[in-house]
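Novice: So I've got this file, query_23.pdb, and it contains PDB, C-alpha atoms:
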ATOM      1  CA  MET A   1       0.000   0.000   0.000
ATOM      2  CA  PRO A   2       2.241   2.839  -1.219
ATOM      3  CA  VAL A   3       1.913   6.140   0.593
ATOM      4  CA  PRO A   4       0.059   8.591  -1.685
ATOM      5  CA  GLN A   5       2.135  10.733  -4.016
ATOM      6  CA  ALA A   6       0.663  13.802  -2.328
ATOM      7  CA  ARG A   7       2.682  13.147   0.836
ATOM      8  CA  PHE A   8       5.920  13.409  -1.148
ATOM      9  CA  THR A   9       4.865  16.512  -3.073
ATOM     10  CA  GLU A  10       3.832  18.133   0.198
ATOM     11  CA  LEU A  11       7.257  17.356   1.626
ATOM     12  CA  LEU A  12       8.893  18.850  -1.463
ATOM     13  CA  ALA A  13       6.865  22.010  -1.068
ATOM     14  CA  ASP A  14       7.906  22.177   2.600
ATOM     15  CA  LEU A  15      11.588  21.801   1.661
ATOM     16  CA  GLU A  16      11.529  24.871  -0.560
ATOM     17  CA  PRO A  17      13.346  27.930   0.831
ATOM     18  CA  SER A  18      10.778  30.434   2.076
ATOM     19  CA  PRO A  19       9.962  33.638   0.145
ATOM     20  CA  THR A  20      11.766  35.583   2.887
ATOM     21  CA  THR A  21      14.882  33.435   2.511
ATOM     22  CA  LYS A  22      14.820  33.882  -1.270
ATOM     23  CA  SER A  23      14.443  37.643  -0.938
ATOM     24  CA  GLN A  24      17.297  37.890   1.551
ATOM     25  CA  ALA A  25      19.561  35.781  -0.656
ATOM     26  CA  SER A  26      18.824  37.967  -3.647
ATOM     27  CA  GLY A  27      19.604  41.134  -1.710
ATOM     28  CA  GLY A  28      22.763  39.611  -0.260
ATOM     29  CA  HIS A  29      24.422  38.518  -3.489
ATOM     30  CA  THR A  30      23.301  41.643  -5.367
ATOM     31  CA  GLY A  31      24.930  43.831  -2.724
ATOM     32  CA  ILE A  32      28.235  41.938  -2.883
ATOM     33  CA  ARG A  33      28.369  42.048  -6.682
ATOM     34  CA  ASP A  34      27.544  45.748  -6.845
ATOM     35  CA  HIS A  35      30.156  46.506  -4.192
ATOM     36  CA  LEU A  36      32.970  44.755  -6.077
ATOM     37  CA  ARG A  37      31.847  46.163  -9.426
ATOM     38  CA  THR A  38      32.088  49.739  -8.149
ATOM     39  CA  GLN A  39      34.799  49.507  -5.491
ATOM     40  CA  GLU A  40      37.482  52.031  -6.421
ATOM     41  CA  LYS A  41      40.506  49.742  -6.099
ATOM     42  CA  PHE A  42      38.852  46.663  -7.568
ATOM     43  CA  LYS A  43      36.539  47.860 -10.331
ATOM     44  CA  ASP A  44      39.326  47.607 -12.895
ATOM     45  CA  ARG A  45      39.750  43.951 -11.923
ATOM     46  CA  TYR A  46      36.033  43.189 -12.189
ATOM     47  CA  VAL A  47      34.780  41.846 -15.532
ATOM     48  CA  THR A  48      31.396  40.310 -14.687
ATOM     49  CA  SER A  49      29.786  37.987 -12.157
ATOM     50  CA  PHE A  50      27.242  35.187 -11.928
ATOM     51  CA  LEU A  51      25.834  32.738  -9.417
ATOM     52  CA  SER A  52      26.949  29.152  -9.008
ATOM     53  CA  GLY A  53      26.033  26.194  -6.816
ATOM     54  CA  SER A  54      22.600  24.813  -6.014
ATOM     55  CA  TYR A  55      21.202  28.356  -5.962
ATOM     56  CA  ALA A  56      21.937  28.691  -9.678
ATOM     57  CA  ARG A  57      20.819  25.135 -10.446
ATOM     58  CA  SER A  58      17.498  25.358  -8.537
ATOM     59  CA  THR A  59      18.351  22.282  -6.488
ATOM     60  CA  SER A  60      18.552  23.889  -3.053
ATOM     61  CA  ILE A  61      16.512  22.976  -0.013
ATOM     62  CA  ARG A  62      15.568  25.149   2.932
ATOM     63  CA  PRO A  63      18.675  26.298   4.813
ATOM     64  CA  ARG A  64      19.683  24.920   8.159
ATOM     65  CA  THR A  65      18.721  27.068  11.125
ATOM     66  CA  SER A  66      21.790  28.983  12.314
ATOM     67  CA  ALA A  67      22.888  29.520  15.907
ATOM     68  CA  ASP A  68      20.908  32.772  16.038
ATOM     69  CA  GLY A  69      17.738  31.021  14.928
ATOM     70  CA  GLU A  70      17.765  32.355  11.366
ATOM     71  CA  GLU A  71      17.585  30.412   8.108
ATOM     72  CA  ARG A  72      20.325  31.944   5.955
ATOM     73  CA  PRO A  73      21.096  30.447   2.548
ATOM     74  CA  ASP A  74      24.576  29.678   1.257
ATOM     75  CA  VAL A  75      25.227  31.534  -1.991
ATOM     76  CA  ASP A  76      28.198  30.960  -4.307
ATOM     77  CA  ILE A  77      29.172  34.073  -6.275
ATOM     78  CA  ILE A  78      31.598  33.793  -9.184
ATOM     79  CA  ILE A  79      33.529  37.007  -9.903
ATOM     80  CA  VAL A  80      35.140  36.969 -13.328
ATOM     81  CA  THR A  81      38.336  39.051 -13.138
ATOM     82  CA  ASN A  82      41.255  40.095 -15.313
ATOM     83  CA  PHE A  83      43.843  38.514 -13.042
ATOM     84  CA  GLU A  84      46.407  36.276 -14.722
ATOM     85  CA  THR A  85      46.992  32.639 -13.846
ATOM     86  CA  SER A  86      50.595  33.683 -13.237
ATOM     87  CA  ASP A  87      49.329  35.655 -10.212
ATOM     88  CA  HIS A  88      49.701  33.725  -6.979
ATOM     89  CA  PRO A  89      46.294  32.465  -5.749
ATOM     90  CA  ASP A  90      46.923  33.704  -2.218
ATOM     91  CA  ASN A  91      47.597  37.240  -3.494
ATOM     92  CA  VAL A  92      44.416  37.127  -5.597
ATOM     93  CA  LEU A  93      42.233  36.051  -2.689
ATOM     94  CA  GLN A  94      43.854  38.622  -0.389
ATOM     95  CA  GLU A  95      43.059  41.358  -2.918
ATOM     96  CA  VAL A  96      39.428  40.244  -3.139
ATOM     97  CA  CYS A  97      39.288  40.276   0.659
ATOM     98  CA  ARG A  98      40.604  43.852   0.824
ATOM     99  CA  ALA A  99      38.116  44.977  -1.826
ATOM    100  CA  LEU A 100      35.212  43.465   0.092
ATOM    101  CA  GLU A 101      36.270  45.182   3.302
ATOM    102  CA  ALA A 102      37.020  48.563   1.693
ATOM    103  CA  GLY A 103      34.806  51.640   1.872
ATOM    104  CA  ASP A 104      32.015  52.819   4.125
ATOM    105  CA  ASP A 105      29.783  50.070   2.713
ATOM    106  CA  GLY A 106      32.445  47.384   3.126
ATOM    107  CA  TYR A 107      31.747  43.882   4.423
ATOM    108  CA  VAL A 108      33.190  41.984   7.354
ATOM    109  CA  VAL A 109      35.087  39.021   5.926
ATOM    110  CA  GLU A 110      34.590  35.860   7.941
ATOM    111  CA  ARG A 111      37.617  34.045   6.490
ATOM    112  CA  ILE A 112      39.641  33.327   3.380
ATOM    113  CA  ASN A 113      39.039  29.770   2.250
ATOM    114  CA  LYS A 114      41.077  27.569  -0.066
ATOM    115  CA  ARG A 115      39.448  29.018  -3.203
ATOM    116  CA  SER A 116      37.052  31.705  -2.004
ATOM    117  CA  VAL A 117      36.419  34.534   0.442
ATOM    118  CA  ARG A 118      33.620  33.984   2.968
ATOM    119  CA  VAL A 119      31.220  36.748   3.968
ATOM    120  CA  GLU A 120      28.372  36.128   6.401
ATOM    121  CA  THR A 121      25.578  38.690   6.681
ATOM    122  CA  TRP A 122      22.071  38.721   8.113
ATOM    123  CA  GLN A 123      20.832  38.065   4.583
ATOM    124  CA  ALA A 124      23.003  35.163   3.462
ATOM    125  CA  ASP A 125      26.306  33.343   3.925
ATOM    126  CA  MET A 126      28.281  33.920   0.741
ATOM    127  CA  ASP A 127      31.413  32.455  -0.818
ATOM    128  CA  ILE A 128      32.984  34.881  -3.297
ATOM    129  CA  VAL A 129      35.093  33.027  -5.871
ATOM    130  CA  PRO A 130      37.422  34.978  -8.217
ATOM    131  CA  VAL A 131      38.077  33.304 -11.563
ATOM    132  CA  VAL A 132      39.894  33.952 -14.816
ATOM    133  CA  GLN A 133      38.048  33.138 -18.031
ATOM    134  CA  THR A 134      39.607  30.845 -20.642
ATOM    135  CA  TRP A 135      38.437  29.767 -24.085
ATOM    136  CA  ASN A 136      36.607  26.739 -22.670
ATOM    137  CA  GLY A 137      35.747  27.674 -19.108
ATOM    138  CA  TYR A 138      37.349  29.290 -16.069
ATOM    139  CA  MET A 139      40.416  28.931 -13.885
ATOM    140  CA  ILE A 140      39.969  29.115 -10.117
ATOM    141  CA  PRO A 141      42.789  29.922  -7.647
ATOM    142  CA  ASP A 142      43.861  27.331  -5.074
ATOM    143  CA  ARG A 143      45.821  29.000  -2.297
ATOM    144  CA  ASP A 144      46.766  25.702  -0.619
ATOM    145  CA  ASN A 145      48.942  24.488  -3.474
ATOM    146  CA  GLY A 146      49.547  27.814  -5.255
ATOM    147  CA  THR A 147      48.003  26.721  -8.554
ATOM    148  CA  TRP A 148      44.927  27.427 -10.681
ATOM    149  CA  LYS A 149      42.337  24.724 -11.354
ATOM    150  CA  PHE A 150      39.933  24.421 -14.282
ATOM    151  CA  THR A 151      36.216  24.765 -13.555
ATOM    152  CA  ASN A 152      33.062  25.520 -15.506
ATOM    153  CA  PRO A 153      30.002  26.234 -13.296
ATOM    154  CA  PRO A 154      27.723  27.305 -16.189
ATOM    155  CA  VAL A 155      28.097  23.811 -17.668
ATOM    156  CA  HIS A 156      26.916  22.337 -14.362
ATOM    157  CA  THR A 157      23.861  24.579 -14.504
ATOM    158  CA  SER A 158      22.965  23.647 -18.076
ATOM    159  CA  TRP A 159      23.696  19.960 -17.367
ATOM    160  CA  SER A 160      21.288  20.017 -14.419
ATOM    161  CA  ALA A 161      18.557  21.556 -16.579
ATOM    162  CA  LYS A 162      19.053  18.830 -19.209
ATOM    163  CA  GLN A 163      18.814  16.126 -16.553
ATOM    164  CA  ASN A 164      15.524  17.583 -15.403
ATOM    165  CA  GLU A 165      14.227  17.359 -18.967
ATOM    166  CA  LYS A 166      15.395  13.739 -19.218
ATOM    167  CA  PHE A 167      13.506  12.901 -16.013
ATOM    168  CA  ASP A 168      10.405  14.752 -17.255
ATOM    169  CA  GLY A 169      10.680  17.316 -14.462
ATOM    170  CA  ARG A 170      11.383  14.868 -11.641
ATOM    171  CA  PHE A 171      15.189  15.152 -11.445
ATOM    172  CA  LYS A 172      15.408  18.277  -9.303
ATOM    173  CA  PRO A 173      12.685  17.119  -6.890
ATOM    174  CA  LEU A 174      14.531  13.809  -6.456
ATOM    175  CA  VAL A 175      17.772  15.708  -5.796
ATOM    176  CA  LYS A 176      15.997  17.708  -3.089
ATOM    177  CA  LEU A 177      14.631  14.542  -1.486
ATOM    178  CA  PHE A 178      18.134  13.034  -1.596
ATOM    179  CA  LYS A 179      19.646  16.130   0.008
ATOM    180  CA  TRP A 180      16.975  16.189   2.689
ATOM    181  CA  TRP A 181      17.511  12.491   3.468
ATOM    182  CA  ARG A 182      21.233  13.258   3.857
ATOM    183  CA  ARG A 183      20.480  16.074   6.288
ATOM    184  CA  VAL A 184      18.085  14.003   8.384
ATOM    185  CA  ASN A 185      20.415  10.982   8.373
ATOM    186  CA  PRO A 186      23.970  12.363   8.197
ATOM    187  CA  SER A 187      26.998  10.129   7.762
ATOM    188  CA  GLY A 188      29.675  12.827   7.635
ATOM    189  CA  ARG A 189      30.555  16.017   5.803
ATOM    190  CA  ARG A 190      30.948  14.443   2.366
ATOM    191  CA  PRO A 191      29.718  13.682  -0.239
ATOM    192  CA  LYS A 192      27.478  16.712  -0.642
ATOM    193  CA  GLY A 193      26.196  19.308  -3.104
ATOM    194  CA  PHE A 194      26.790  18.691  -6.771
ATOM    195  CA  VAL A 195      28.095  15.174  -6.136
ATOM    196  CA  LEU A 196      24.631  14.172  -4.909
ATOM    197  CA  GLU A 197      23.075  15.591  -8.078
ATOM    198  CA  VAL A 198      25.359  13.519 -10.280
ATOM    199  CA  LEU A 199      24.588  10.393  -8.254
ATOM    200  CA  VAL A 200      20.847  10.957  -8.708
ATOM    201  CA  SER A 201      21.345  11.384 -12.457
ATOM    202  CA  LEU A 202      23.266   8.096 -12.625
ATOM    203  CA  HIS A 203      21.063   5.905 -10.439
ATOM    204  CA  ALA A 204      17.497   7.219 -10.162
ATOM    205  CA  PRO A 205      14.905   5.660 -12.495
ATOM    206  CA  THR A 206      14.053   8.163 -15.212
ATOM    207  CA  THR A 207      10.496   6.969 -15.905
ATOM    208  CA  GLU A 208       9.131   6.195 -12.429
ATOM    209  CA  THR A 209       6.530   8.836 -11.543
ATOM    210  CA  HIS A 210       5.869   7.959  -7.866
ATOM    211  CA  TYR A 211       8.508   9.720  -5.789
ATOM    212  CA  GLY A 212       8.481   7.058  -3.075
ATOM    213  CA  GLU A 213       9.175   4.245  -5.526
ATOM    214  CA  ALA A 214      11.741   6.351  -7.394
ATOM    215  CA  PHE A 215      13.592   7.152  -4.164
ATOM    216  CA  ALA A 216      13.570   3.531  -3.011
ATOM    217  CA  ARG A 217      15.012   2.436  -6.363
ATOM    218  CA  LEU A 218      17.593   5.233  -6.275
ATOM    219  CA  LEU A 219      19.032   3.974  -2.992
ATOM    220  CA  LYS A 220      18.935   0.325  -4.103
ATOM    221  CA  ASN A 221      20.559   1.073  -7.469
ATOM    222  CA  PHE A 222      23.181   3.188  -5.758
ATOM    223  CA  TYR A 223      24.176   0.472  -3.311
ATOM    224  CA  ASP A 224      24.175  -2.205  -6.007
ATOM    225  CA  ALA A 225      26.592  -0.085  -8.050
ATOM    226  CA  TYR A 226      29.128   0.736  -5.324
ATOM    227  CA  GLY A 227      28.623  -1.560  -2.341
ATOM    228  CA  PHE A 228      31.166  -4.132  -3.536
ATOM    229  CA  LEU A 229      33.864  -1.465  -3.960
ATOM    230  CA  ALA A 230      33.267  -0.050  -0.494
ATOM    231  CA  ALA A 231      33.605  -3.552   0.943
ATOM    232  CA  VAL A 232      37.187  -3.654  -0.319
ATOM    233  CA  ASP A 233      38.003  -0.081   0.759
ATOM    234  CA  GLN A 234      37.681   1.461  -2.682
ATOM    235  CA  LYS A 235      35.609   4.218  -4.234
ATOM    236  CA  PRO A 236      34.744   4.716  -7.911
ATOM    237  CA  PHE A 237      35.894   7.406 -10.313
ATOM    238  CA  ILE A 238      32.858   9.527 -11.227
ATOM    239  CA  ALA A 239      33.480  12.041 -13.993
ATOM    240  CA  ASP A 240      32.591  15.697 -13.662
ATOM    241  CA  PRO A 241      30.038  16.616 -16.376
ATOM    242  CA  ALA A 242      31.997  19.825 -17.024
ATOM    243  CA  ASP A 243      35.405  18.119 -17.139
ATOM    244  CA  PRO A 244      35.441  14.332 -17.682
ATOM    245  CA  SER A 245      39.038  14.133 -16.492
ATOM    246  CA  ASN A 246      38.018  15.415 -13.046
ATOM    247  CA  ASP A 247      36.757  12.980 -10.420
ATOM    248  CA  ILE A 248      33.908  14.612  -8.479
ATOM    249  CA  LEU A 249      34.701  12.263  -5.581
ATOM    250  CA  GLY A 250      38.236  13.642  -5.351
ATOM    251  CA  LYS A 251      37.547  15.391  -2.035
ATOM    252  CA  VAL A 252      35.676  12.421  -0.565
ATOM    253  CA  THR A 253      37.873  10.116   1.481
ATOM    254  CA  VAL A 254      37.457   6.346   1.354
ATOM    255  CA  ALA A 255      36.272   6.406   4.975
ATOM    256  CA  GLN A 256      33.635   9.041   4.184
ATOM    257  CA  TRP A 257      32.518   7.079   1.138
ATOM    258  CA  LYS A 258      32.205   3.838   3.095
ATOM    259  CA  ASP A 259      30.132   5.544   5.789
ATOM    260  CA  PHE A 260      27.874   6.993   3.109
ATOM    261  CA  ILE A 261      27.496   3.655   1.341
ATOM    262  CA  GLU A 262      26.539   1.950   4.599
ATOM    263  CA  LYS A 263      23.914   4.620   5.256
ATOM    264  CA  VAL A 264      22.533   4.074   1.753
ATOM    265  CA  ARG A 265      22.368   0.311   2.365
ATOM    266  CA  VAL A 266      20.401   0.696   5.583
ATOM    267  CA  TYR A 267      17.906   3.180   4.197
ATOM    268  CA  ALA A 268      17.445   1.362   0.902
ATOM    269  CA  ASP A 269      15.991  -1.452   2.982
ATOM    270  CA  ILE A 270      13.801   0.929   5.006
ATOM    271  CA  ALA A 271      12.491   2.650   1.882
ATOM    272  CA  ARG A 272      11.634  -0.704   0.289
ATOM    273  CA  ARG A 273       9.797  -1.785   3.462
ATOM    274  CA  ALA A 274       7.873   1.475   3.326
ATOM    275  CA  GLN A 275       6.824   0.834  -0.253
ATOM    276  CA  GLU A 276       5.784  -2.761   0.388
ATOM    277  CA  ALA A 277       4.049  -2.297   3.750
ATOM    278  CA  GLU A 278       0.439  -3.473   3.696
ATOM    279  CA  ASP A 279      -0.599  -1.066   6.428
ATOM    280  CA  MET A 280      -0.599   2.689   5.731
ATOM    281  CA  GLU A 281       0.498   3.554   9.264
ATOM    282  CA  GLU A 282       3.479   1.227   8.964
ATOM    283  CA  ALA A 283       4.385   2.614   5.551
ATOM    284  CA  THR A 284       4.231   6.153   6.920
ATOM    285  CA  ARG A 285       6.314   5.182   9.956
ATOM    286  CA  GLN A 286       9.032   3.828   7.710
ATOM    287  CA  TRP A 287       9.034   6.900   5.451
ATOM    288  CA  ARG A 288       9.315   9.120   8.534
ATOM    289  CA  ARG A 289      12.453   7.161   9.420
ATOM    290  CA  VAL A 290      13.779   8.120   5.994
ATOM    291  CA  PHE A 291      12.696  11.780   5.821
ATOM    292  CA  GLY A 292      11.981  12.766   9.420
ATOM    293  CA  ASP A 293       8.876  14.193  11.009
ATOM    294  CA  ARG A 294       8.256  16.725   8.235
ATOM    295  CA  PHE A 295       6.841  13.791   6.275
ATOM    296  CA  LYS A 296       3.091  13.922   6.948
ATOM    297  CA  ALA A 297       0.900  11.002   7.906
ATOM    298  CA  THR A 298      -2.032   9.552   5.988
ATOM    299  CA  ALA A 299      -4.887   8.137   8.068
ATOM    300  CA  THR A 300      -6.077   4.661   7.104
ATOM    301  CA  VAL A 301      -9.528   4.471   5.544
ATOM    302  CA  ALA A 302     -10.922   2.473   8.447
ATOM    303  CA  LYS A 303      -9.656   4.829  11.128
ATOM    304  CA  ALA A 304     -10.657   7.908   9.193
ATOM    305  CA  ALA A 305     -14.185   6.527   8.862
ATOM    306  CA  SER A 306     -14.380   5.609  12.560
ATOM    307  CA  TYR A 307     -14.024   9.200  13.667
ATOM    308  CA  GLY A 308     -15.451  10.892  10.643
ATOM    309  CA  GLY A 309     -12.133  12.543   9.915
ATOM    310  CA  PHE A 310      -9.946  12.916   6.893
ATOM    311  CA  ALA A 311      -6.352  12.130   6.014
ATOM    312  CA  ALA A 312      -3.993  13.816   8.424
ATOM    313  CA  ALA A 313      -2.032  15.579   5.696
ATOM    314  CA  SER A 314      -3.354  18.624   3.931
ATOM    315  CA  PRO A 315      -3.902  18.620   0.165
ATOM    316  CA  VAL A 316      -1.184  19.688  -2.255
ATOM    317  CA  PRO A 317      -1.058  23.514  -2.401
ATOM    318  CA  ALA A 318      -2.675  25.114  -5.415
ATOM    319  CA  GLY A 319      -0.291  25.933  -8.224
ATOM    320  CA  TYR A 320       1.680  22.701  -8.087
ATOM    321  CA  THR A 321       1.299  19.974 -10.680
ATOM    322  CA  PHE A 322       2.922  16.595 -10.247
ATOM    323  CA  PRO A 323       4.669  14.413 -11.081
ATOM    324  CA  ASN A 324       5.821  16.203 -14.229
ATOM    325  CA  ALA A 325       6.780  19.523 -12.642
ATOM    326  CA  MET A 326       9.173  20.705  -9.966
ATOM    327  CA  ALA A 327       7.863  21.342  -6.490
ATOM    328  CA  ALA A 328       9.087  24.953  -6.568
ATOM    329  CA  PRO A 329       6.778  27.744  -7.823
ATOM    330  CA  ALA A 330       7.513  28.745 -11.397
ATOM    331  CA  ASN A 331       8.227  32.358 -10.501
ATOM    332  CA  LYS A 332      10.955  31.666  -7.931
ATOM    333  CA  PRO A 333      14.288  33.519  -8.364
ATOM    334  CA  ARG A 334      16.926  31.641 -10.357
ATOM    335  CA  GLY A 335      18.682  29.028  -8.333
ATOM    336  CA  PHE A 336      19.391  28.806  -4.628
ATOM    337  CA  ALA A 337      22.428  28.126  -2.577
TER     338      ALA A 337
END
Now that the file is in, can you turn its structure into structure tokens?

Specialist:
Amino acid sequence: MPVPQARFTELLADLEPSPTTKSQASGGHTGIRDHLRTQEKFKDRYVTSFLSGSYARSTSIRPRTSADGEERPDVDIIIVTNFETSDHPDNVLQEVCRALEAGDDGYVVERINKRSVRVETWQADMDIVPVVQTWNGYMIPDRDNGTWKFTNPPVHTSWSAKQNEKFDGRFKPLVKLFKWWRRVNPSGRRPKGFVLEVLVSLHAPTTETHYGEAFARLLKNFYDAYGFLAAVDQKPFIADPADPSNDILGKVTVAQWKDFIEKVRVYADIARRAQEAEDMEEATRQWRRVFGDRFKATATVAKAASYGGFAAASPVPAGYTFPNAMAAPANKPRGFA
């Protein structure tokens, strides 16, 4: 007795960043970009800018609640500059830091990361990434090893859109469910972000329209593909869609990968039990193990009739159509961190 599709679409709607969060993110990244574009000592370095990450790809979920009780999104901002790859990455990032801090409208820099400068405001937490454009993409500075690394975020964005078309609109919702499952059932810091999107594209069924069945198959397919490697302390090479020579698991340690694989194994079994449960309450209980208590319950027909009530979950909000459309409203701002 599969849980109704409506429970999954309701969860997807609940996972969307709120209108307030979206508005704050927009104001935050716009302010940073305008500041660098007009800052007296940096404006000659500035060429253009664009957003990257899950914000740009429309695969974000609601932010975690911060220590001060606010939900602030993470936004990745790419600043295209006229630096040269002969410039030392540390000097480049230090110059970006000074430009951000400069002026009466300057920002407080939280830290300089390996490849970006971190700014945290009441609106959003932002990573500002300087790049140099090449004929086929961009070069990003790496201050740890003093070199520049090839990257191409716009290709990731277009790739994600094509995957969504291939899945008939269900790719991005499945990515959001996968990300939420990871948050509710963490196994470590990595893998995360874009890696999870690629894994969904490789292992989720493209034609299954019920999100519960699709998610159960995603976990099972995933474990079947990599479980044997993890058992012998190995991880696969998974090519970056923007650069096939780059392994997107490069930052994931074998230990992190094994922990993740084991988590997938456990919850693949739970998700299958949820799908095959004969009792609706049991099916719901199992799905709440997978997705947490934001997953709403569905009353059984017999119990609903006994007290004259209705299903515990509310109907799908107006304006959403499923399964062939994303859970996010069509007029949302582009992307979300």

Novice: What's the separation between CA of Thr81 (chain A) and CA of Ser49 (chain A), in Å to one decimal place?

Specialist: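 These atoms are spaced 8.7 Å apart.
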
Novice: Got a sec to resolve the PyMOL selection byres ((chain A and resi 26-42) around 10) on this structure and send the residues as an MDAnalysis selection string?

Specialist: chainID A and resid 20:25 43:51 73 75:79 81 95:96 98:103 105:107 119:128 333:334 336

Novice: Could you dump the residues just selected with C-alpha atoms as a short mmCIF file (atom, residue, chain, number, x, y, z; two decimals), keeping the file's coordinate frame?

Specialist:
data_model
loop_
_atom_site.label_atom_id
_atom_site.label_comp_id
_atom_site.auth_asym_id
_atom_site.auth_seq_id
_atom_site.Cartn_x
_atom_site.Cartn_y
_atom_site.Cartn_z
CA THR A 20 11.77 35.58 2.89
CA THR A 21 14.88 33.44 2.51
CA LYS A 22 14.82 33.88 -1.27
CA SER A 23 14.44 37.64 -0.94
CA GLN A 24 17.30 37.89 1.55
CA ALA A 25 19.56 35.78 -0.66
CA LYS A 43 36.54 47.86 -10.33
CA ASP A 44 39.33 47.61 -12.90
CA ARG A 45 39.75 43.95 -11.92
CA TYR A 46 36.03 43.19 -12.19
CA VAL A 47 34.78 41.85 -15.53
CA THR A 48 31.40 40.31 -14.69
CA SER A 49 29.79 37.99 -12.16
CA PHE A 50 27.24 35.19 -11.93
CA LEU A 51 25.83 32.74 -9.42
CA PRO A 73 21.10 30.45 2.55
CA VAL A 75 25.23 31.53 -1.99
CA ASP A 76 28.20 30.96 -4.31
CA ILE A 77 29.17 34.07 -6.28
CA ILE A 78 31.60 33.79 -9.18
CA ILE A 79 33.53 37.01 -9.90
CA THR A 81 38.34 39.05 -13.14
CA GLU A 95 43.06 41.36 -2.92
CA VAL A 96 39.43 40.24 -3.14
CA ARG A 98 40.60 43.85 0.82
CA ALA A 99 38.12 44.98 -1.83
CA LEU A 100 35.21 43.46 0.09
CA GLU A 101 36.27 45.18 3.30
CA ALA A 102 37.02 48.56 1.69
CA GLY A 103 34.81 51.64 1.87
CA ASP A 105 29.78 50.07 2.71
CA GLY A 106 32.44 47.38 3.13
CA TYR A 107 31.75 43.88 4.42
CA VAL A 119 31.22 36.75 3.97
CA GLU A 120 28.37 36.13 6.40
CA THR A 121 25.58 38.69 6.68
CA TRP A 122 22.07 38.72 8.11
CA GLN A 123 20.83 38.06 4.58
CA ALA A 124 23.00 35.16 3.46
CA ASP A 125 26.31 33.34 3.92
CA MET A 126 28.28 33.92 0.74
CA ASP A 127 31.41 32.46 -0.82
CA ILE A 128 32.98 34.88 -3.30
CA PRO A 333 14.29 33.52 -8.36
CA ARG A 334 16.93 31.64 -10.36
CA PHE A 336 19.39 28.81 -4.63
#

Novice: Record the distance separating CA of Val200 (chain A) and CA of Lys176 (chain A), expressed in Å with one decimal.

Specialist: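 Between these atoms lies a distance of 10.0 Å.
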
Novice: Please evaluate the PyMOL selection byres ((chain A and resi 157-171) around 8) against the displayed coordinates and give the resulting residues as a list in words.

Specialist: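 Evaluating the PyMOL selection byres ((chain A and resi 157-171) around 8) on this file yields Ser52, Ala56, Arg57, Pro153, Pro154, Val155, His156, Lys172, Pro173, Leu174, Val175, Glu197, Val200, Ser201, Thr206, Thr207, Thr209, Pro241, Pro323, Asn324, Ala325 and Met326 of chain A.
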
Novice: From the options A:Gly193, A:Val117, A:Asn91, A:Ile140, which residue's atoms come nearest to Ser60 (chain A), counting all atoms listed in the file?

Specialist: A:Gly193

Novice: Please compute the CA of Arg115 (chain A)-CA of Asp144 (chain A) distance, one decimal, in Å.

Specialist: 8.4 Å

Novice: Identify which of the residues A:Ser187, A:Thr134, A:Thr65, A:Gln94 lies closest to Arg118 (chain A), counting all atoms listed in the file when measuring atom-to-atom distances.

Specialist: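 Of all the options, A:Gln94 lies closest to Arg118 (chain A).
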
Novice: Determine the nearest neighbour of Thr253 (chain A) from the options A:Ile61, A:Val3, A:Ala230, A:Leu177, counting all atoms listed in the file.

Specialist: A:Ala230

Novice: Ranking A:Phe150, A:Phe228, A:Phe295, A:Thr59 by minimum distance to Leu196 (chain A) and counting all atoms listed in the file, which one comes first?

Specialist: A:Thr59

Novice: Carefully work through the PyMOL selection byres ((chain A and resi 188) around 8) for this structure and note down the residues it includes, as a compact mmCIF listing (two decimals) with C-alpha atoms, in the frame of the given file.

Specialist:
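Written output follows (expr_2.txt):
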# COMPACT_ATOMS: atom_id res chain seq x y z
CA PRO A 186 23.97 12.36 8.20
CA SER A 187 27.00 10.13 7.76
CA ARG A 189 30.56 16.02 5.80
CA ARG A 190 30.95 14.44 2.37
CA PRO A 191 29.72 13.68 -0.24
CA GLN A 256 33.64 9.04 4.18
CA ASP A 259 30.13 5.54 5.79
CA PHE A 260 27.87 6.99 3.11

Novice: From the set A:Val184, A:Leu218, A:Val131, A:Ile261, which residue has the shortest atom-to-atom contact distance to Asp87 (chain A), counting all atoms listed in the file?

Specialist: A:Val131
